[in-house]
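**Student:** The following file, protein08.cif, comprises mmCIF, C-alpha atoms:
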data_query
loop_
_atom_site.label_atom_id
_atom_site.label_comp_id
_atom_site.auth_asym_id
_atom_site.auth_seq_id
_atom_site.Cartn_x
_atom_site.Cartn_y
_atom_site.Cartn_z
CA MET T 27 55.50 -2.73 46.18
CA THR T 28 55.58 0.83 44.78
CA GLU T 29 52.91 3.14 46.19
CA PRO T 30 50.52 4.49 43.52
CA ALA T 31 50.94 8.14 42.63
CA PRO T 32 48.36 10.54 44.08
CA ASP T 33 45.81 12.04 41.69
CA GLY T 34 47.19 15.00 39.78
CA VAL T 35 50.71 13.76 39.05
CA ASP T 36 51.73 11.43 36.21
CA LEU T 37 55.11 10.22 37.42
CA GLU T 38 56.01 8.31 34.25
CA ARG T 39 55.58 11.42 32.10
CA LEU T 40 57.15 13.69 34.69
CA ALA T 41 60.34 11.61 34.97
CA PRO T 42 61.85 12.71 31.62
CA PHE T 43 60.81 16.31 32.27
CA PHE T 44 62.62 16.29 35.61
CA ALA T 45 65.67 14.62 34.06
CA GLU T 46 65.88 17.35 31.42
CA ARG T 47 64.89 20.44 33.39
CA ILE T 48 65.63 19.91 37.09
CA GLU T 49 69.19 20.08 38.36
CA HIS T 50 70.35 16.92 40.18
CA ALA T 51 67.37 14.85 38.99
CA SER T 52 68.66 11.37 38.20
CA GLY T 53 66.18 10.40 35.51
CA GLY T 54 65.15 7.41 37.60
CA PRO T 55 61.67 6.61 38.93
CA LEU T 56 59.89 9.33 40.86
CA HIS T 57 57.73 9.17 43.95
CA ALA T 58 55.14 11.76 45.03
CA GLU T 59 53.10 12.78 48.04
CA LEU T 60 50.23 15.26 48.19
CA ILE T 61 51.02 17.83 50.87
CA SER T 62 48.12 18.35 53.25
CA GLY T 63 46.80 21.80 54.07
CA GLY T 64 46.27 23.22 50.57
CA ARG T 65 42.61 23.67 49.56
CA SER T 66 43.14 25.35 46.20
CA ASN T 67 46.18 24.69 44.02
CA LEU T 68 47.59 21.23 44.66
CA THR T 69 51.07 20.90 46.12
CA TYR T 70 53.17 17.73 46.01
CA ILE T 71 56.55 16.60 47.18
CA VAL T 72 58.13 14.83 44.21
CA GLY T 73 61.45 13.05 44.47
CA ASP T 74 63.78 10.44 43.08
CA ALA T 75 66.12 8.18 45.03
CA ASP T 76 68.36 11.08 46.13
CA HIS T 77 66.51 14.40 46.01
CA GLU T 78 63.07 15.94 46.58
CA TRP T 79 61.36 19.00 45.14
CA VAL T 80 57.93 20.64 45.31
CA LEU T 81 55.47 20.63 42.39
CA ARG T 82 52.43 22.94 42.15
CA ARG T 83 49.49 22.48 39.80
CA PRO T 84 45.84 23.66 39.58
CA PRO T 85 43.00 21.77 41.27
CA LEU T 86 41.42 18.86 39.43
CA GLY T 87 37.95 20.31 38.88
CA HIS T 88 35.87 23.54 38.72
CA VAL T 89 38.79 25.82 37.88
CA GLN T 90 37.68 29.46 37.71
CA PRO T 91 38.74 31.10 34.42
CA THR T 92 40.95 33.78 36.03
CA ALA T 93 42.35 31.65 38.86
CA HIS T 94 45.13 29.10 39.32
CA ASP T 95 47.58 30.66 36.85
CA MET T 96 50.76 28.65 37.31
CA ALA T 97 52.84 30.92 35.08
CA ARG T 98 52.07 33.97 37.23
CA GLU T 99 52.85 32.14 40.44
CA PHE T 100 56.16 30.90 39.06
CA ARG T 101 57.04 34.34 37.73
CA VAL T 102 56.56 36.18 41.03
CA ILE T 103 58.66 33.81 43.15
CA GLU T 104 61.36 33.86 40.48
CA ALA T 105 61.33 37.69 40.53
CA LEU T 106 61.50 37.92 44.32
CA ALA T 107 64.61 35.76 44.59
CA GLY T 108 67.25 37.72 46.48
CA SER T 109 64.80 40.31 47.81
CA ALA T 110 63.86 40.96 51.44
CA VAL T 111 60.97 38.53 50.94
CA PRO T 112 62.10 34.90 51.42
CA VAL T 113 60.78 32.58 48.70
CA PRO T 114 61.66 29.09 47.46
CA ARG T 115 63.95 28.94 44.45
CA ALA T 116 61.91 28.61 41.25
CA LEU T 117 63.28 25.75 39.14
CA ALA T 118 61.09 25.09 36.09
CA PHE T 119 57.69 25.93 34.61
CA CYS T 120 55.76 23.74 32.15
CA ASP T 121 52.67 24.78 30.20
CA ASP T 122 52.55 21.59 28.09
CA VAL T 123 49.45 19.82 29.43
CA ALA T 124 50.61 16.59 27.78
CA VAL T 125 53.25 16.25 30.50
CA ASN T 126 50.98 16.27 33.55
CA GLY T 127 47.44 17.11 32.46
CA ALA T 128 47.73 20.80 33.42
CA PRO T 129 50.37 23.54 33.64
CA PHE T 130 52.67 23.16 36.64
CA TYR T 131 55.91 24.38 38.09
CA VAL T 132 58.68 22.96 40.25
CA MET T 133 60.49 24.76 43.06
CA GLU T 134 63.02 23.82 45.66
CA LYS T 135 61.88 22.05 48.81
CA VAL T 136 62.60 24.43 51.70
CA GLU T 137 63.23 22.87 55.09
CA GLY T 138 61.17 24.42 57.85
CA GLN T 139 57.90 24.23 59.74
CA ILE T 140 54.38 25.55 59.20
CA LEU T 141 52.21 26.27 62.22
CA ARG T 142 48.69 25.00 61.49
CA THR T 143 47.13 23.26 64.46
CA GLN T 144 46.14 24.42 67.91
CA ASP T 145 48.69 22.07 69.45
CA GLU T 146 51.47 23.50 67.27
CA LEU T 147 50.55 27.05 68.24
CA ALA T 148 50.30 26.14 71.91
CA GLY T 149 53.80 24.66 71.76
CA VAL T 150 55.34 28.04 70.92
CA SER T 151 56.69 30.07 73.82
CA ARG T 152 55.19 33.49 74.45
CA ASP T 153 58.41 35.21 73.42
CA ASP T 154 58.62 33.18 70.20
CA ALA T 155 54.94 33.88 69.47
CA ARG T 156 55.63 37.60 69.64
CA ARG T 157 58.74 37.34 67.46
CA CYS T 158 56.81 35.22 64.96
CA SER T 159 54.05 37.86 64.86
CA GLU T 160 56.55 40.66 64.34
CA ALA T 161 58.32 38.76 61.55
CA LEU T 162 55.02 38.17 59.76
CA VAL T 163 54.15 41.87 59.80
CA ASP T 164 57.67 42.93 58.84
CA VAL T 165 57.82 40.57 55.84
CA MET T 166 54.42 41.79 54.64
CA ALA T 167 55.65 45.38 54.84
CA ALA T 168 58.89 44.36 53.08
CA LEU T 169 56.89 42.81 50.23
CA HIS T 170 54.94 46.03 49.79
CA ALA T 171 58.22 47.98 49.71
CA VAL T 172 59.70 45.96 46.83
CA ASP T 173 60.23 48.04 43.68
CA TYR T 174 58.22 45.90 41.27
CA ASN T 175 59.74 47.56 38.22
CA ALA T 176 63.25 46.81 39.45
CA VAL T 177 62.49 43.08 39.83
CA GLY T 178 60.86 42.82 36.40
CA LEU T 179 57.21 42.83 37.43
CA GLY T 180 56.15 46.16 35.96
CA ASP T 181 53.49 44.47 33.82
CA PHE T 182 52.38 41.98 36.48
CA GLY T 183 49.10 43.77 37.20
CA ARG T 184 47.11 47.01 36.99
CA PRO T 185 47.20 48.91 40.29
CA ASP T 186 44.89 51.68 39.04
CA GLY T 187 41.27 50.82 39.81
CA PHE T 188 42.38 47.68 41.65
CA VAL T 189 39.77 47.57 44.41
CA ALA T 190 36.79 48.35 42.14
CA ARG T 191 37.93 45.75 39.65
CA ASN T 192 38.41 43.17 42.38
CA VAL T 193 34.98 43.63 43.93
CA ARG T 194 33.53 42.95 40.46
CA ARG T 195 35.92 40.09 39.81
CA TRP T 196 35.08 38.26 43.02
CA GLY T 197 31.40 38.80 42.25
CA LYS T 198 31.93 36.91 38.99
CA GLN T 199 33.74 34.16 40.89
CA TRP T 200 30.72 33.94 43.19
CA ASP T 201 28.40 33.66 40.19
CA GLY T 202 30.57 30.83 38.84
CA SER T 203 30.42 28.90 42.10
CA ARG T 204 26.64 29.28 42.26
CA GLU T 205 26.35 27.98 38.73
CA ALA T 206 28.54 25.03 39.78
CA GLY T 207 26.08 24.12 42.55
CA CYS T 208 27.11 26.17 45.59
CA PRO T 209 23.97 27.22 47.53
CA ASP T 210 22.88 30.86 47.17
CA ASN T 211 23.78 33.32 49.95
CA PRO T 212 22.15 36.79 49.88
CA ALA T 213 24.64 38.09 52.46
CA ILE T 214 27.44 37.90 49.88
CA ASP T 215 25.41 40.02 47.44
CA GLU T 216 24.74 42.55 50.20
CA LEU T 217 28.45 42.75 50.97
CA ALA T 218 29.15 43.50 47.31
CA ARG T 219 26.56 46.30 47.35
CA ARG T 220 28.05 47.94 50.45
CA LEU T 221 31.62 47.62 49.21
CA GLN T 222 30.73 49.22 45.87
CA ALA T 223 28.79 52.07 47.50
CA GLU T 224 32.01 53.96 48.33
CA LEU T 225 35.52 52.85 47.43
CA PRO T 226 38.66 53.83 49.37
CA PRO T 227 41.30 56.10 47.86
CA SER T 228 43.93 53.44 47.28
CA PRO T 229 47.59 54.11 48.05
CA ALA T 230 50.31 53.62 45.45
CA GLY T 231 50.30 50.10 44.03
CA THR T 232 52.69 47.40 45.21
CA ILE T 233 53.19 43.69 44.80
CA VAL T 234 50.43 42.03 46.81
CA HIS T 235 50.47 38.40 47.87
CA GLY T 236 46.69 38.00 47.90
CA ASP T 237 46.53 35.38 50.65
CA TYR T 238 49.19 36.37 53.18
CA ARG T 239 48.83 34.61 56.54
CA LEU T 240 50.67 32.51 59.09
CA ASP T 241 49.65 29.28 57.35
CA ASN T 242 51.24 30.44 54.09
CA THR T 243 54.66 31.05 55.59
CA MET T 244 57.34 28.52 56.45
CA LEU T 245 59.32 29.18 59.61
CA ALA T 246 62.83 28.03 60.43
CA THR T 247 62.87 24.57 61.99
CA ASP T 248 64.70 25.83 65.07
CA ASP T 249 63.33 29.40 65.23
CA VAL T 250 59.67 30.30 64.66
CA GLY T 251 60.71 33.95 64.75
CA GLN T 252 62.43 33.57 61.37
CA ILE T 253 60.45 33.21 58.13
CA VAL T 254 62.37 31.09 55.60
CA ALA T 255 59.76 31.07 52.81
CA VAL T 256 56.50 32.78 51.87
CA LEU T 257 54.34 30.25 50.01
CA ASP T 258 51.17 30.02 47.88
CA TRP T 259 51.48 32.99 45.52
CA GLU T 260 48.57 31.97 43.30
CA MET T 261 46.65 35.24 43.89
CA SER T 262 49.61 37.61 43.73
CA THR T 263 49.48 40.67 41.49
CA LEU T 264 50.15 44.42 41.51
CA GLY T 265 47.51 46.24 43.50
CA ASP T 266 46.47 47.87 46.74
CA PRO T 267 48.74 46.71 49.59
CA LEU T 268 46.00 47.26 52.17
CA THR T 269 44.07 44.33 50.71
CA ASP T 270 46.88 42.13 52.06
CA LEU T 271 46.65 43.80 55.48
CA GLY T 272 42.86 43.48 55.58
CA LEU T 273 42.99 39.77 54.82
CA PHE T 274 45.84 39.20 57.26
CA LEU T 275 43.77 40.85 60.01
CA LEU T 276 40.76 38.74 59.11
CA TYR T 277 42.78 35.57 59.57
CA TRP T 278 44.41 37.01 62.68
CA GLY T 279 41.39 38.32 64.52
CA ARG T 280 38.28 36.32 63.62
CA GLY T 281 37.78 32.74 64.75
CA GLU T 282 35.93 31.40 61.70
CA ALA T 283 38.56 32.80 59.31
CA GLN T 284 41.41 31.43 61.40
CA VAL T 285 39.82 28.00 61.29
CA VAL T 286 39.57 28.20 57.49
CA ALA T 287 43.25 29.13 57.32
CA THR T 288 44.92 27.06 59.99
CA GLY T 289 42.35 24.97 61.85
CA ALA T 290 43.42 26.88 64.96
CA VAL T 291 42.94 30.20 66.71
CA ILE T 292 45.84 32.67 66.81
CA SER T 293 45.32 34.12 70.26
CA PRO T 294 47.07 36.95 72.12
CA ASP T 295 46.67 34.72 75.17
CA LEU T 296 49.48 32.61 73.65
CA GLY T 297 51.74 35.63 73.23
CA PHE T 298 50.88 36.54 69.62
CA LEU T 299 50.39 40.22 68.85
CA THR T 300 46.93 41.69 69.30
CA ARG T 301 45.08 43.03 66.27
CA ASP T 302 45.89 46.61 67.32
CA GLU T 303 49.57 45.76 67.72
CA VAL T 304 49.62 44.27 64.22
CA VAL T 305 48.01 47.42 62.80
CA ASP T 306 50.43 49.69 64.67
CA ARG T 307 53.52 47.73 63.61
CA TYR T 308 52.45 47.69 59.95
CA ALA T 309 51.65 51.40 60.01
CA ARG T 310 55.08 52.22 61.43
CA ALA T 311 56.89 49.93 58.97
CA SER T 312 55.01 51.10 55.88
CA GLY T 313 53.87 54.63 56.67
CA ALA T 314 50.42 53.72 55.31
CA ASP T 315 47.25 55.72 55.99
CA LEU T 316 44.83 53.23 57.58
CA THR T 317 41.70 55.43 57.71
CA TRP T 318 39.79 53.02 55.45
CA LEU T 319 40.98 49.84 57.12
CA ASP T 320 37.43 48.69 57.95
CA TRP T 321 36.63 48.61 54.22
CA TYR T 322 39.59 46.38 53.54
CA GLU T 323 38.61 43.99 56.33
CA VAL T 324 35.05 43.70 54.99
CA PHE T 325 36.43 43.14 51.50
CA ALA T 326 38.69 40.42 52.92
CA SER T 327 35.68 38.60 54.38
CA TYR T 328 33.81 38.95 51.10
CA LYS T 329 36.76 37.56 49.16
CA LEU T 330 37.38 34.70 51.59
CA ALA T 331 33.70 33.70 51.63
CA ILE T 332 33.80 33.45 47.83
CA ILE T 333 37.06 31.50 47.87
CA VAL T 334 35.53 29.04 50.33
CA ALA T 335 32.38 28.87 48.17
CA GLY T 336 34.56 27.79 45.24
CA ILE T 337 36.15 25.09 47.40
CA HIS T 338 32.67 23.99 48.51
CA ALA T 339 31.54 23.79 44.88
CA ARG T 340 34.48 21.52 44.03
CA TYR T 341 33.68 19.39 47.10
CA LEU T 342 30.05 19.01 45.97
CA MET T 343 31.34 17.90 42.56
CA GLY T 344 33.63 15.32 44.20
CA MET T 345 36.73 17.05 42.87
CA THR T 346 38.62 17.87 46.08
CA ARG T 347 41.53 15.85 47.43
CA GLY T 348 42.39 15.42 51.10
CA GLU T 349 40.28 16.03 54.19
CA GLY T 350 38.53 18.97 55.85
CA PHE T 351 36.09 19.98 53.11
CA ASP T 352 32.75 18.80 54.47
CA HIS T 353 32.15 21.93 56.57
CA MET T 354 33.02 24.52 53.91
CA GLY T 355 29.35 25.35 53.25
CA GLN T 356 28.83 26.42 56.85
CA MET T 357 32.05 28.45 56.69
CA VAL T 358 30.71 30.46 53.72
CA ALA T 359 27.62 31.44 55.72
CA ALA T 360 29.63 32.29 58.87
CA LEU T 361 32.14 34.45 56.99
CA ALA T 362 29.47 36.39 55.10
CA GLN T 363 27.31 37.04 58.15
CA GLY T 364 30.33 37.94 60.27
CA ALA T 365 31.35 40.48 57.64
CA LEU T 366 27.89 42.07 57.62
CA ASP T 367 27.94 42.33 61.41
CA PHE T 368 31.41 43.93 61.31
CA ALA T 369 30.35 46.33 58.53
CA SER T 370 27.28 47.42 60.50
CA ARG T 371 29.52 48.52 63.38
CA SER T 372 32.02 50.39 61.16
CA SER T 373 32.77 54.10 61.39
CA ILE T 374 32.50 54.19 57.56
CA ALA T 375 28.90 55.17 56.81
CA SER T 376 28.66 53.33 53.47
CA LEU T 377 29.52 50.04 55.18
CA ARG T 378 26.76 50.47 57.76
CA SER T 379 23.96 51.07 55.25
#
For this file, write the structure as structure tokens.
**Tutor:**
Amino acid sequence: MTEPAPDGVDLERLAPFFAERIEHASGGPLHAELISGGRSNLTYIVGDADHEWVLRRPPLGHVQPTAHDMAREFRVIEALAGSAVPVPRALAFCDDVAVNGAPFYVMEKVEGQILRTQDELAGVSRDDARRCSEALVDVMAALHAVDYNAVGLGDFGRPDGFVARNVRRWGKQWDGSREAGCPDNPAIDELARRLQAELPPSPAGTIVHGDYRLDNTMLATDDVGQIVAVLDWEMSTLGDPLTDLGLFLLYWGRGEAQVVATGAVISPDLGFLTRDEVVDRYARASGADLTWLDWYEVFASYKLAIIVAGIHARYLMGMTRGEGFDHMGQMVAALAQGALDFASRSSIASLRS
């Protein structure tokens, strides 16, 4: 008996699309599996009798108006093909909602491994943990070094005024989640006030991933020190590269953020780089001035708390798929309060106020 398709994919309508647009697709019946781990855009393995691919589409409910843009995500991975940043091969984009109920795109299925759980992290040798850490930092710096005009992304975003615009934008996302039923949290509003009090002098704009972390990279099956694909580009744009570093450090160095990202704690005790080693390696690779790094880490917490609030709102509406959503409300509170505590200890006066 054929297994029913998971919510979010219409295999009967997708079959002719694959036959027409995807190389090697047979035109025969398709099967699909929702890939676990994603809590925003939905990711599926879709295949026929001989081949498998990956399909990405927006979530099923409470989609923020400026989020989950499949065309942008497809465009950036297509542009980065052949660069120093490893990405899956982009195969086809579809904006005809009659095909699958929402815009989607298809990319190649890359073979590799993603480290998510504590057991998976603990199974990595200390030497491999260090090489994995170094590769993560080096690929982030390589992304920020890409000439976005040369790869055809000159109009992909507006680097000027990026941080001010993003503090406002995430505030609007927070308002949307509250309107959708997410409980109020005054700490998030206080974070917005402190972040807006004094903005950093941003460096020259680059391509930014927007959610760069261990959990969003695929490592070689036989070598965790080699990144074979950077995944989940839904928040990529042109902007301030230090927003990527700030968020990466949040995931790397704070327990509640690591649990949101991977369900595990990335610990130097296992051989992974310390926070200071990450900062030093990025500074040497990029030449960036990190005087305002505290601001970027507080902004990262603010942004992540609002992302998790959006996930919590969808959970309250019964529109999430998969497991691990029932504790998102507590995560919002922990992230916001942790950010306020961090800000109050900062050397930047406007963050302490």
**Student:** For the atom pair atom CA of Leu319 of chain T and atom CA of Asp302 of chain T, what is the interatomic distance in Å to one decimal place?
**Tutor:** 11.8 Å
**Student:** I need the residue nearest Glu160 of chain T from this list: T:Val193, T:Ala107, T:Ala339, T:Val305. Use all atoms listed in the file for the distance.
**Tutor:** T:Val305
**Student:** Can you turn the PyMOL selection byres ((chain T and resi 332) around 8) into a concrete residue list for this file, as a VMD selection string?
**Tutor:** chain T and resid 196 199 to 200 328 to 331 333 to 336 358
**Student:** Nearest residue to Ala118 of chain T out of T:Asp248, T:Asp215, T:Glu49, T:Asp145, using only C-alpha atoms?
**Tutor:**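 Smallest distance to Ala118 of chain T is found for T:Glu49.
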**Student:** Quick one: residues within 12 Å of Ala375 of chain T, all atoms listed in the file counted, chain neighbours fewer than 2 positions away excluded, as a list in words?
**Tutor:**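 That gives Arg220, Leu221, Ala223, Glu224, Leu225, Trp318, Asp320, Trp321, Ala369, Ser370, Arg371, Ser372, Ser373, Leu377, Arg378 and Ser379 of chain T.
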**Student:** Given the file shown, determine the residues that the PyMOL selection byres ((chain T and resi 128-138) around 9) selects; report them as a PyMOL selection string.
**Tutor:** chain T and resi 34+48+71+78-84+86+95-97+99-100+113-127+139-140+244-248+253-255
**Student:** Expanded to explicit residues, what is the PyMOL selection byres ((chain T and resi 109) around 12) for this file, as a PyMOL selection string?
**Tutor:** chain T and resi 102-108+110-115+165+168-174+176-177+255-256
**Student:** Any chance you can output those residues with C-alpha atoms as a PDB file, in the coordinates of the input?
**Tutor:**
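As written to disk, out37.pdb reads:
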ATOM      1  CA  VAL T 102      56.560  36.180  41.030  1.00  0.00           C
ATOM      2  CA  ILE T 103      58.660  33.810  43.150  1.00  0.00           C
ATOM      3  CA  GLU T 104      61.360  33.860  40.480  1.00  0.00           C
ATOM      4  CA  ALA T 105      61.330  37.690  40.530  1.00  0.00           C
ATOM      5  CA  LEU T 106      61.500  37.920  44.320  1.00  0.00           C
ATOM      6  CA  ALA T 107      64.610  35.760  44.590  1.00  0.00           C
ATOM      7  CA  GLY T 108      67.250  37.720  46.480  1.00  0.00           C
ATOM      8  CA  ALA T 110      63.860  40.960  51.440  1.00  0.00           C
ATOM      9  CA  VAL T 111      60.970  38.530  50.940  1.00  0.00           C
ATOM     10  CA  PRO T 112      62.100  34.900  51.420  1.00  0.00           C
ATOM     11  CA  VAL T 113      60.780  32.580  48.700  1.00  0.00           C
ATOM     12  CA  PRO T 114      61.660  29.090  47.460  1.00  0.00           C
ATOM     13  CA  ARG T 115      63.950  28.940  44.450  1.00  0.00           C
ATOM     14  CA  VAL T 165      57.820  40.570  55.840  1.00  0.00           C
ATOM     15  CA  ALA T 168      58.890  44.360  53.080  1.00  0.00           C
ATOM     16  CA  LEU T 169      56.890  42.810  50.230  1.00  0.00           C
ATOM     17  CA  HIS T 170      54.940  46.030  49.790  1.00  0.00           C
ATOM     18  CA  ALA T 171      58.220  47.980  49.710  1.00  0.00           C
ATOM     19  CA  VAL T 172      59.700  45.960  46.830  1.00  0.00           C
ATOM     20  CA  ASP T 173      60.230  48.040  43.680  1.00  0.00           C
ATOM     21  CA  TYR T 174      58.220  45.900  41.270  1.00  0.00           C
ATOM     22  CA  ALA T 176      63.250  46.810  39.450  1.00  0.00           C
ATOM     23  CA  VAL T 177      62.490  43.080  39.830  1.00  0.00           C
ATOM     24  CA  ALA T 255      59.760  31.070  52.810  1.00  0.00           C
ATOM     25  CA  VAL T 256      56.500  32.780  51.870  1.00  0.00           C
TER      26      VAL T 256
END
**Student:** Can you work out the spacing between atom CA of His338 of chain T and atom CA of Ala359 of chain T in Å, to one decimal?
**Tutor:** 11.5 Å
**Student:** As an exercise, work out the distance from atom CA of Gly183 of chain T to atom CA of Leu240 of chain T in Å and give it to one decimal place.
**Tutor:**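 Value for the atom CA of Gly183 of chain T-atom CA of Leu240 of chain T distance: 24.7 Å.
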**Student:** With only C-alpha atoms as the atoms that count, which of T:Gly202, T:Ala362, T:Asp266, T:Ala155 lies nearest to Gly187 of chain T?
**Tutor:**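 Once distances to Gly187 of chain T are computed over only C-alpha atoms, the minimum belongs to T:Asp266.
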**Student:** When you count only C-alpha atoms, which of these residues is closest to Phe188 of chain T: T:Leu162, T:Ala45, T:Leu268, T:Val250?
**Tutor:**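 The shortest atom-to-atom distance to Phe188 of chain T comes from T:Leu268.
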**Student:** Please determine, counting all atoms listed in the file, which residue among T:Leu257, T:Ala41, T:Ala206, T:Met166 has the shortest atom-to-atom distance to Asn242 of chain T.
**Tutor:**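 Ranked by minimum distance to Asn242 of chain T, first place goes to T:Leu257.
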**Student:** If we count all atoms listed in the file and set the cut-off at 9 Å, which residues sit around Asp258 of chain T, ignoring sequence neighbours fewer than 5 positions away in its own chain? Please answer as a count of residues only.
**Tutor:** 8
**Student:** Report as lines of an AutoDock Vina configuration file the centre and the edge lengths, in Å to one decimal, of the axis-aligned box holding every listed atom of segment 188-201 of chain T, padded by 8 Å on each side.
**Tutor:**
center_x = 35.4
center_y = 41.0
center_z = 41.7
size_x = 30.0
size_y = 30.7
size_z = 21.4
**Student:** Compile the contact shell of Tyr322 of chain T as a compact mmCIF listing (two decimals) with C-alpha atoms, keeping the file's coordinate frame: residues with an atom at most 8 Å away, counting all atoms listed in the file, same-chain residues fewer than 5 positions apart removed.
**Tutor:**
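Ended up saving to result.txt:
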# COMPACT_ATOMS: atom_id res chain seq x y z
CA LEU T 268 46.00 47.26 52.17
CA THR T 269 44.07 44.33 50.71
CA LEU T 271 46.65 43.80 55.48
CA GLY T 272 42.86 43.48 55.58
CA LEU T 273 42.99 39.77 54.82
